[in-house]
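Report on one structure; see the data block that follows.
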Amino acid sequence: MEERVELSEEEKANRMWAYENLKKGMKVLGKVKNIQPYGAFITIRKGIDGLLPIKNMSIARIKNPEERMKKGDKVEVIIQDFDKDTGRITLSRKELLGTWEENVQHFKQGEITSGIVRDTTRGGIFIELTPNLVGLAEHKSGLEYGEKVKVYIRKISPENHKIKLVILD
């Protein structure tokens, strides 16, 4: 037999508020309640928490949510999904960090800038220039995830949203 848990009046009021007010795509301000390897729990109203999965924190692939936020931080997020039956709320943040076009405007072909190594493959090394802008450099051994590097912007291709980089020694 399934045990039923009675909700307090405050919990009922919070659930009613969420049911009536939360909509997909809605922007809300929340506070980081807890961080886990798979994401962060964000309190968007007392008693109402949502999960911000690591994949929704930025376009750049990160290994740990603490690379983007810490417990107690106030963060703006978007309601990606709200299951009214279960009360589960899925959040996203990457949409608020600007589009590729908006972010690339801060960079020019031929300039030198810094970035962070986010992924290394045989095909190349992905360098994060901003949380929502990543470029690709030729593979270079000895570089590790999270390492800061100086890069030369060899080519910006707006038509296919790509940035070619050269890692400088």
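The way I read the labels, and the way they are meant: chains A, B, ... in the order of the structure tokens, residue 1 as the first residue of every chain, and ligand 1 as the first ligand shown, with later ones counted on from there.
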
Discussion item. I'd like the contact shell of Met26 (chain A) - 10 Å cut-off, only C-alpha atoms, skipping same-chain residues fewer than 4 positions apart - returned as an MDAnalysis selection string.
Written reply: chainID A and resid 21:22 77:81 91

Generate a file of the selected residues that holds C-alpha atoms, formatted as a PDB file, in the first residue's frame.
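So result_20.pdb came out as:
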ATOM      1  CA  ASN A  21       2.570  30.801 -12.958  1.00  0.00           C
ATOM      2  CA  LEU A  22       5.408  28.720 -14.400  1.00  0.00           C
ATOM      3  CA  VAL A  77      17.468  30.689 -15.769  1.00  0.00           C
ATOM      4  CA  ILE A  78      14.745  29.711 -18.201  1.00  0.00           C
ATOM      5  CA  ILE A  79      12.013  27.180 -17.492  1.00  0.00           C
ATOM      6  CA  GLN A  80      12.806  24.519 -20.090  1.00  0.00           C
ATOM      7  CA  ASP A  81      10.161  22.081 -18.931  1.00  0.00           C
ATOM      8  CA  LEU A  91      15.925  24.654 -16.200  1.00  0.00           C
TER       9      LEU A  91
END

With only C-alpha atoms as the counted atoms, please give the residues lying no more than 8 Å from region 94-104 of chain A, apart from itself and same-chain residues fewer than 6 positions off, as a PDB file with N, CA and C atoms, in the first residue's frame.
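Output (selection18.pdb):
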ATOM      1  N   ASN A  56      22.847  22.068 -19.824  1.00  0.00           N
ATOM      2  CA  ASN A  56      22.093  23.293 -20.075  1.00  0.00           C
ATOM      3  C   ASN A  56      22.767  24.538 -19.502  1.00  0.00           C
ATOM      4  N   MET A  57      24.000  24.392 -18.998  1.00  0.00           N
ATOM      5  CA  MET A  57      24.693  25.535 -18.390  1.00  0.00           C
ATOM      6  C   MET A  57      25.402  26.407 -19.408  1.00  0.00           C
ATOM      7  N   SER A  58      25.867  25.809 -20.499  1.00  0.00           N
ATOM      8  CA  SER A  58      26.525  26.562 -21.566  1.00  0.00           C
ATOM      9  C   SER A  58      26.682  25.671 -22.781  1.00  0.00           C
ATOM     10  N   ILE A  59      27.045  26.290 -23.897  1.00  0.00           N
ATOM     11  CA  ILE A  59      27.325  25.526 -25.109  1.00  0.00           C
ATOM     12  C   ILE A  59      28.620  24.725 -24.920  1.00  0.00           C
ATOM     13  N   GLU A  76      20.103  33.657 -13.277  1.00  0.00           N
ATOM     14  CA  GLU A  76      18.925  33.780 -14.116  1.00  0.00           C
ATOM     15  C   GLU A  76      18.847  32.518 -14.966  1.00  0.00           C
ATOM     16  N   VAL A  77      17.677  31.926 -15.018  1.00  0.00           N
ATOM     17  CA  VAL A  77      17.468  30.689 -15.769  1.00  0.00           C
ATOM     18  C   VAL A  77      16.144  30.772 -16.526  1.00  0.00           C
ATOM     19  N   ILE A  78      15.983  29.829 -17.427  1.00  0.00           N
ATOM     20  CA  ILE A  78      14.745  29.711 -18.201  1.00  0.00           C
ATOM     21  C   ILE A  78      14.076  28.391 -17.826  1.00  0.00           C
ATOM     22  N   THR A 130      34.066  32.099 -24.833  1.00  0.00           N
ATOM     23  CA  THR A 130      33.059  32.575 -23.880  1.00  0.00           C
ATOM     24  C   THR A 130      32.185  31.355 -23.578  1.00  0.00           C
ATOM     25  N   PRO A 131      31.354  31.394 -22.524  1.00  0.00           N
ATOM     26  CA  PRO A 131      30.535  30.215 -22.226  1.00  0.00           C
ATOM     27  C   PRO A 131      29.656  29.736 -23.385  1.00  0.00           C
ATOM     28  N   ASN A 132      29.338  30.598 -24.321  1.00  0.00           N
ATOM     29  CA  ASN A 132      28.527  30.174 -25.458  1.00  0.00           C
ATOM     30  C   ASN A 132      29.248  30.329 -26.786  1.00  0.00           C
ATOM     31  N   LEU A 133      30.577  30.260 -26.756  1.00  0.00           N
ATOM     32  CA  LEU A 133      31.339  30.369 -27.994  1.00  0.00           C
ATOM     33  C   LEU A 133      32.599  29.518 -27.888  1.00  0.00           C
ATOM     34  N   PRO A 158      31.034  32.815 -40.264  1.00  0.00           N
ATOM     35  CA  PRO A 158      29.655  33.024 -39.801  1.00  0.00           C
ATOM     36  C   PRO A 158      28.630  32.103 -40.469  1.00  0.00           C
ATOM     37  N   HIS A 161      28.954  28.916 -38.502  1.00  0.00           N
ATOM     38  CA  HIS A 161      29.173  29.086 -37.055  1.00  0.00           C
ATOM     39  C   HIS A 161      30.425  28.363 -36.557  1.00  0.00           C
TER      40      HIS A 161
END

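The smallest atom-to-atom distance between Met16 (chain A) and any of A:Val134, A:Ile48, A:Ile89, A:Ile127, using only C-alpha atoms, is found for A:Ile48.
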
Response to the item:
Using only C-alpha atoms, the best pick from A:Phe82, A:Phe107, A:Tyr152, A:Phe41 as closest to Lys70 (chain A) would be A:Phe41

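Going from CA of Ile35 (chain A) over to CA of Leu136 (chain A), you cover 29.3 Å.
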
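Taking CA of Gln109 (chain A) as the reference point, CA of Leu168 (chain A) is found at 15.1 Å.
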
Discussion item. Run DSSP on the backbone and tell me which residues of chain A come out as strand (DSSP E or B); list them as a ChimeraX atom specification.
Written reply: /A:27-36,39-45,48-53,74-82,89-92,112-121,124-130,133-137,148-157,162-167

Practice prompt. Please measure the separation of CA of Pro65 (chain A) and CA of Ile167 (chain A), giving the value in Å to one decimal.
Written response: 25.9 Å
